[in-house]
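As provided, start.cif (mmCIF, C-alpha atoms) reads as follows.
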data_structure
#
loop_
_atom_site.label_atom_id
_atom_site.label_comp_id
_atom_site.auth_asym_id
_atom_site.auth_seq_id
_atom_site.Cartn_x
_atom_site.Cartn_y
_atom_site.Cartn_z
CA MET A 976 14.51 -25.98 -149.69
CA SER A 977 17.67 -24.88 -147.92
CA ALA A 978 19.70 -21.98 -149.32
CA TYR A 979 22.84 -23.53 -147.92
CA THR A 980 23.67 -25.61 -150.93
CA ILE A 981 26.75 -27.13 -152.52
CA HIS A 982 27.19 -28.76 -155.92
CA VAL A 983 29.25 -31.90 -156.37
CA SER A 984 30.48 -33.13 -159.75
CA GLY A 985 32.78 -35.88 -160.98
CA ILE A 986 30.98 -38.48 -158.88
CA SER A 987 31.86 -42.13 -159.44
CA ASP A 988 29.39 -44.61 -160.93
CA ALA A 989 29.88 -46.63 -157.75
CA THR A 990 28.76 -43.80 -155.48
CA THR A 991 25.21 -43.99 -154.20
CA GLU A 992 23.10 -41.37 -152.51
CA GLN A 993 23.78 -43.16 -149.24
CA HIS A 994 27.54 -42.84 -149.83
CA LEU A 995 27.10 -39.11 -150.36
CA ASN A 996 24.99 -38.80 -147.25
CA ASP A 997 27.50 -40.75 -145.15
CA PHE A 998 30.37 -38.62 -146.41
CA PHE A 999 28.84 -35.16 -146.11
CA THR A 1000 26.93 -35.75 -142.87
CA PHE A 1001 30.20 -35.09 -141.06
CA CYS A 1002 29.84 -31.47 -142.18
CA GLY A 1003 26.44 -30.99 -140.58
CA LYS A 1004 22.77 -31.86 -140.94
CA ILE A 1005 21.68 -32.50 -144.52
CA THR A 1006 18.14 -31.53 -145.46
CA SER A 1007 18.09 -33.14 -148.91
CA ILE A 1008 20.26 -34.64 -151.64
CA GLU A 1009 19.58 -34.55 -155.38
CA HIS A 1010 21.79 -37.15 -157.04
CA ASP A 1011 21.91 -37.38 -160.84
CA ARG A 1012 23.73 -40.64 -161.55
CA GLU A 1013 23.71 -40.14 -165.31
CA LYS A 1014 25.43 -36.75 -165.07
CA HIS A 1015 27.58 -37.83 -162.11
CA THR A 1016 26.50 -34.78 -160.13
CA ALA A 1017 24.70 -34.02 -156.91
CA THR A 1018 23.26 -31.03 -155.13
CA ILE A 1019 23.35 -31.21 -151.36
CA HIS A 1020 21.31 -28.93 -149.12
CA PHE A 1021 22.41 -28.31 -145.54
CA GLU A 1022 20.50 -26.93 -142.60
CA LYS A 1023 23.24 -24.44 -141.66
CA PRO A 1024 25.66 -22.29 -143.67
CA SER A 1025 28.59 -23.48 -141.57
CA ALA A 1026 27.92 -27.04 -142.77
CA ALA A 1027 28.06 -25.95 -146.40
CA LYS A 1028 31.27 -24.07 -145.71
CA THR A 1029 32.82 -27.18 -144.18
CA ALA A 1030 31.77 -29.25 -147.20
CA LEU A 1031 33.52 -26.79 -149.52
CA MET A 1032 36.69 -27.44 -147.54
CA LEU A 1033 36.69 -30.95 -149.06
CA ASN A 1034 36.90 -29.74 -152.67
CA GLY A 1035 39.32 -31.82 -154.75
CA GLY A 1036 38.91 -34.95 -152.68
CA THR A 1037 38.07 -38.40 -153.93
CA LEU A 1038 35.11 -40.58 -153.11
CA ASP A 1039 34.86 -44.14 -154.39
CA GLY A 1040 37.89 -43.53 -156.59
CA ALA A 1041 36.62 -40.38 -158.31
CA GLN A 1042 37.88 -36.87 -157.69
CA LEU A 1043 35.12 -34.57 -156.50
CA THR A 1044 34.65 -30.96 -157.48
CA ILE A 1045 32.69 -29.18 -154.76
CA THR A 1046 31.38 -25.69 -155.47
CA SER A 1047 28.62 -23.33 -154.45
CA ASP A 1048 26.73 -20.51 -156.14
CA GLN A 1049 27.20 -18.32 -153.09
CA GLU A 1050 29.57 -17.73 -150.24
CA HIS A 1051 28.55 -19.33 -146.97
CA HIS A 1052 29.32 -17.56 -143.73
CA ASP A 1053 29.57 -18.97 -140.25
CA LYS A 1054 26.79 -17.63 -138.07
CA ASP A 1055 27.54 -17.54 -134.38
CA ASP A 1056 24.66 -15.87 -132.58
CA GLY A 1057 26.61 -15.95 -129.33
CA ALA A 1058 23.96 -18.06 -127.66
CA ALA A 1059 25.26 -20.37 -124.98
CA HIS A 1060 24.75 -24.08 -125.36
CA HIS A 1061 22.24 -25.69 -123.05
CA GLU A 1062 21.25 -29.30 -122.51
CA GLY A 1063 21.83 -32.02 -125.06
CA HIS A 1064 24.42 -32.79 -127.70
CA ILE A 1065 26.17 -30.17 -129.75
CA ASP A 1066 25.28 -29.82 -133.42
CA GLN A 1067 27.83 -31.14 -135.87
CA ALA A 1068 27.92 -27.81 -137.71
CA ASP A 1069 28.92 -25.97 -134.52
CA LYS A 1070 32.10 -27.98 -134.04
CA PRO A 1071 35.61 -26.80 -134.95
CA ARG A 1072 36.67 -27.90 -138.43
CA ALA A 1073 39.77 -29.57 -137.03
CA GLY A 1074 37.52 -31.68 -134.81
CA ILE A 1075 35.35 -32.65 -137.76
CA ALA A 1076 38.46 -33.61 -139.71
CA ALA A 1077 39.55 -35.81 -136.80
CA GLU A 1078 36.16 -37.55 -136.91
CA TYR A 1079 36.64 -38.31 -140.60
CA LEU A 1080 40.02 -39.92 -139.89
CA ALA A 1081 38.71 -41.83 -136.88
CA ARG A 1082 35.89 -43.33 -138.96
CA GLY A 1083 38.31 -44.68 -141.57
CA TYR A 1084 38.17 -41.97 -144.19
CA THR A 1085 41.46 -40.57 -145.48
CA LEU A 1086 42.13 -36.84 -145.50
CA SER A 1087 45.35 -35.43 -146.86
CA ASP A 1088 47.44 -33.05 -144.83
CA GLN A 1089 46.39 -30.31 -147.24
CA VAL A 1090 42.75 -30.69 -146.24
CA LEU A 1091 43.67 -30.92 -142.56
CA GLN A 1092 45.59 -27.68 -142.92
CA ARG A 1093 42.51 -26.08 -144.51
CA ALA A 1094 40.53 -27.10 -141.45
CA ILE A 1095 43.10 -25.52 -139.15
CA GLU A 1096 43.13 -22.30 -141.17
CA LEU A 1097 39.33 -22.04 -141.13
CA ASP A 1098 39.35 -22.39 -137.35
CA LYS A 1099 42.01 -19.70 -137.09
CA GLN A 1100 40.06 -17.34 -139.33
CA HIS A 1101 36.65 -17.78 -137.73
CA GLY A 1102 37.49 -18.99 -134.23
CA ILE A 1103 35.64 -21.63 -132.22
CA SER A 1104 31.89 -21.07 -132.02
CA ASN A 1105 30.54 -19.71 -128.76
CA ARG A 1106 28.05 -22.56 -128.62
CA PHE A 1107 30.78 -25.17 -128.82
CA LEU A 1108 33.03 -23.40 -126.28
CA SER A 1109 30.06 -23.15 -123.94
CA TYR A 1110 29.28 -26.84 -124.46
CA ILE A 1111 32.82 -28.01 -123.68
CA ASN A 1112 33.29 -25.69 -120.69
CA ASN A 1113 29.92 -26.60 -119.19
CA LEU A 1114 30.62 -30.29 -119.66
CA ASP A 1115 34.04 -29.90 -118.07
CA SER A 1116 32.53 -28.11 -115.05
CA THR A 1117 29.64 -30.54 -114.69
CA LEU A 1118 31.94 -33.56 -114.72
CA GLY A 1119 34.32 -31.85 -112.32
CA GLN A 1120 31.59 -31.08 -109.83
CA ARG A 1121 30.26 -34.60 -110.04
CA ALA A 1122 33.63 -36.25 -109.52
CA LEU A 1123 35.66 -33.75 -107.50
CA GLY A 1124 33.32 -31.27 -105.85
CA PRO A 1125 32.08 -27.70 -106.32
CA GLU A 1126 34.04 -25.30 -108.53
CA LYS A 1127 36.20 -28.09 -109.96
CA THR A 1128 36.72 -29.01 -113.60
CA ILE A 1129 37.50 -32.51 -114.69
CA SER A 1130 40.25 -31.44 -117.08
CA GLY A 1131 42.53 -29.35 -115.00
CA LYS A 1132 41.84 -26.71 -112.35
CA VAL A 1133 42.67 -29.04 -109.51
CA GLN A 1134 45.88 -30.20 -111.19
CA GLU A 1135 49.15 -28.39 -110.54
CA THR A 1136 51.54 -30.44 -112.66
CA LEU A 1137 51.13 -32.63 -115.72
CA ALA A 1138 52.32 -35.72 -113.84
CA ASN A 1139 49.84 -35.12 -111.04
CA ALA A 1140 47.17 -34.33 -113.60
CA THR A 1141 47.48 -37.68 -115.32
CA GLN A 1142 47.64 -39.61 -112.07
CA GLN A 1143 44.71 -37.78 -110.49
CA ALA A 1144 42.53 -37.95 -113.58
CA LYS A 1145 43.16 -41.68 -113.85
CA ALA A 1146 42.34 -42.20 -110.17
CA VAL A 1147 39.13 -40.18 -110.43
CA ASP A 1148 38.09 -42.03 -113.57
CA GLU A 1149 38.75 -45.44 -112.00
CA GLN A 1150 36.89 -44.48 -108.84
CA LYS A 1151 33.89 -42.85 -110.48
CA GLY A 1152 33.81 -44.98 -113.61
CA ILE A 1153 32.85 -41.95 -115.68
CA SER A 1154 34.56 -42.94 -118.91
CA LYS A 1155 33.13 -46.47 -118.76
CA THR A 1156 29.54 -45.34 -118.38
CA ALA A 1157 29.60 -42.20 -120.52
CA SER A 1158 27.64 -42.38 -123.75
CA ASP A 1159 29.47 -39.73 -125.75
CA TYR A 1160 33.06 -39.13 -126.72
CA TYR A 1161 33.54 -35.74 -125.08
CA THR A 1162 32.41 -37.00 -121.68
CA ARG A 1163 34.68 -40.02 -121.92
CA ALA A 1164 37.62 -38.01 -123.19
CA LEU A 1165 37.43 -35.15 -120.68
CA SER A 1166 37.16 -37.71 -117.87
CA SER A 1167 40.24 -39.59 -119.03
CA PRO A 1168 43.92 -39.01 -118.22
CA PHE A 1169 44.26 -37.09 -121.49
CA GLY A 1170 41.35 -34.76 -120.66
CA GLN A 1171 43.53 -31.65 -120.67
CA LYS A 1172 44.78 -32.36 -124.19
CA VAL A 1173 41.26 -32.95 -125.45
CA LYS A 1174 39.97 -29.69 -123.99
CA ALA A 1175 42.92 -27.76 -125.42
CA PHE A 1176 42.36 -29.31 -128.85
CA TYR A 1177 38.72 -28.25 -129.02
CA THR A 1178 39.01 -24.81 -127.40
CA SER A 1179 42.19 -23.48 -129.04
CA THR A 1180 42.82 -22.54 -132.66
CA SER A 1181 46.55 -23.08 -132.27
CA LYS A 1182 47.22 -26.57 -133.56
CA GLN A 1183 49.09 -28.53 -136.21
CA VAL A 1184 48.18 -31.34 -138.58
CA LEU A 1185 49.73 -33.88 -136.21
CA ASP A 1186 47.34 -32.72 -133.48
CA ILE A 1187 44.39 -33.72 -135.69
CA HIS A 1188 45.89 -37.16 -136.27
CA GLU A 1189 46.42 -37.55 -132.52
CA GLU A 1190 42.82 -36.59 -131.75
CA ALA A 1191 41.58 -39.00 -134.42
CA ARG A 1192 43.45 -41.81 -132.69
CA ARG A 1193 41.83 -40.87 -129.38
CA ILE A 1194 38.35 -40.91 -130.93
CA ALA A 1195 39.02 -44.27 -132.59
CA GLN A 1196 40.37 -45.74 -129.34
CA VAL A 1197 37.39 -44.58 -127.29
CA HIS A 1198 35.04 -46.03 -129.91
CA LYS A 1199 36.95 -49.30 -129.87
CA GLN A 1200 36.67 -49.51 -126.10
CA SER A 1201 32.97 -48.66 -126.10
CA SER A 1202 32.27 -51.26 -128.79
CA SER A 1203 34.21 -54.11 -127.21
CA PRO A 1204 32.68 -56.60 -124.76
CA SER A 1205 35.13 -55.42 -122.10
CA GLY A 1206 33.80 -51.90 -122.57
CA GLY A 1207 30.37 -53.03 -121.54
CA ALA A 1208 28.81 -53.45 -124.96
CA ASP A 1209 27.69 -56.77 -126.31
CA ALA A 1210 28.26 -55.75 -129.90
CA PRO A 1211 29.34 -52.71 -131.90
CA THR A 1212 26.73 -50.03 -131.61
CA THR A 1213 25.06 -48.45 -134.59
CA GLN A 1214 24.69 -45.14 -132.79
CA SER A 1215 27.37 -42.54 -132.32
CA THR A 1216 29.12 -42.82 -128.99
CA GLY A 1217 31.59 -40.19 -129.70
CA VAL A 1218 30.87 -37.05 -131.23
CA GLY A 1219 27.40 -35.93 -130.39
CA SER A 1220 24.07 -37.08 -131.67
CA ALA A 1221 24.58 -35.27 -134.96
CA ALA A 1222 27.65 -37.31 -135.83
CA PRO A 1223 27.34 -40.09 -138.39
CA PRO A 1224 26.71 -43.62 -137.09
CA ILE A 1225 29.87 -45.52 -136.29
CA ASP A 1226 28.72 -48.87 -137.62
CA PRO A 1227 31.44 -49.56 -140.24
CA ASN A 1228 28.84 -51.02 -142.59
CA VAL A 1229 27.20 -47.61 -142.85
CA HIS A 1230 30.25 -46.04 -144.48
CA SER A 1231 31.72 -47.03 -147.83
CA VAL A 1232 35.18 -47.62 -146.45
CA SER A 1233 37.23 -50.50 -147.80
CA THR A 1234 39.10 -52.78 -145.45
CA THR A 1235 41.64 -55.55 -145.64
CA ASP A 1236 39.98 -57.33 -142.77
CA PRO A 1237 38.78 -60.68 -144.16
CA THR A 1238 35.96 -60.70 -141.64
CA ALA A 1239 34.43 -57.55 -143.08
CA GLY A 1240 30.99 -57.94 -144.60
CA SER A 1241 31.03 -58.50 -148.35
CA GLY A 1242 29.18 -56.36 -150.82
CA LYS A 1243 28.75 -53.39 -148.50
CA THR A 1244 32.06 -51.62 -148.81
CA ALA A 1245 33.65 -49.62 -151.55
CA GLU A 1246 36.97 -47.93 -151.98
CA ALA A 1247 37.87 -45.84 -148.98
CA PRO A 1248 36.75 -42.25 -149.55
CA THR A 1249 39.90 -40.17 -149.77
CA VAL A 1250 40.16 -36.42 -149.58
CA VAL A 1251 43.35 -34.97 -150.98
#

Just give me the structure as structure tokens.
Amino acid sequence: MSAYTIHVSGISDATTEQHLNDFFTFCGKITSIEHDREKHTATIHFEKPSAAKTALMLNGGTLDGAQLTITSDQEHHDKDDGAAHHEGHIDQADKPRAGIAAEYLARGYTLSDQVLQRAIELDKQHGISNRFLSYINNLDSTLGQRALGPEKTISGKVQETLANATQQAKAVDEQKGISKTASDYYTRALSSPFGQKVKAFYTSTSKQVLDIHEEARRIAQVHKQSSSPSGGADAPTTQSTGVGSAAPPIDPNVHSVSTTDPTAGSGKTAEAPTVV
């Protein structure tokens, strides 16, 4: 059993183990959940200490209309072994907290500005993990070499002014079709006209709450495009297209998020989880 554990109390009667899994998976890989519905409590075990630390950031939030108290018997520390990232998707627990917060917003959850500020402060205190920086920089270089030639990055080295950057990135994207064929958010985003902003968001600790909202809109827009028929998909995918293989599925039926859309499936949604 994992030592990276958090305790959740004040859970709503309406909350299921699946709701808890959907909500806390954004923090990182969960190894097990012990949900006591009679006591309205749960113990959640994570694979990494950084995931537990991110979950504690959400203390005081609400899920299915009930305010959650999230605690731990021990302090969890981020462990960055300095190892560079290699092939494959980045782990959810290795991502910046501000990026994780943006994913929550993009998937329809509501986080207050107070929680978003906590995410920013955690990133400032602990920095961006070496694995994630390596992942983003390697992806940027790989895309640049593919589209523009050796020693080029897709986000900016070949661009001298912002106006030229946007125009050139758009032209490259239209010519190479990178963002249309890419299967993950970072590839699509770095290859887009706003690639520079995306790279800056994920590699810098200097940001504001509004920057998280802006990134959430970008994630949601890319997902919308990838899920639409014009984006090359016949139907909304049930696999994450955006934020690495460790990210929660983006099928809206998977998350207990309420909607005013009359076409939404009945019986599968609950009150939108809100973190305040």

Residues matched by the PyMOL selection byres ((chain A and resi 1022) around 7), written as a count of residues only: 8

I'd like the interatomic distance between CA of Tyr1160 in chain A and CA of Ile1111 in chain A, to a tenth of an Å.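 Separating CA of Tyr1160 in chain A from CA of Ile1111 in chain A is a distance of 11.5 Å.
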
Closest of A:Glu1009, A:Asp1039, A:Asp1053, A:Asp1048 to Ala989 in chain A - atom-to-atom distances counting only C-alpha atoms: A:Asp1039

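Using all atoms listed in the file, the smallest distance between any of A:Ser1179, A:Ser1025, A:Thr1085, A:Thr991 and Glu1013 in chain A comes from A:Thr991.
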
Could you tell me which of A:Glu1096, A:Asp1186, A:Asp1011, A:Asp1115 comes closest to Glu992 in chain A if we count all atoms listed in the file?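 So, comparing all the options, the nearest one is A:Asp1011.
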
Quick one: of A:Ile1194, A:Val1184, A:Ala1164, A:Ile1045, who's nearest to Gln1089 in chain A, counting all atoms listed in the file?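 For Gln1089 in chain A, the nearest of the given residues is A:Val1184.
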
Decode the PyMOL selection byres ((chain A and resi 1088) around 12) for the given file into explicit residues and return them as a VMD selection string. chain A and resid 1033 1036 1073 1076 to 1077 1080 1085 to 1087 1089 to 1095 1183 to 1188 1249 to 1251
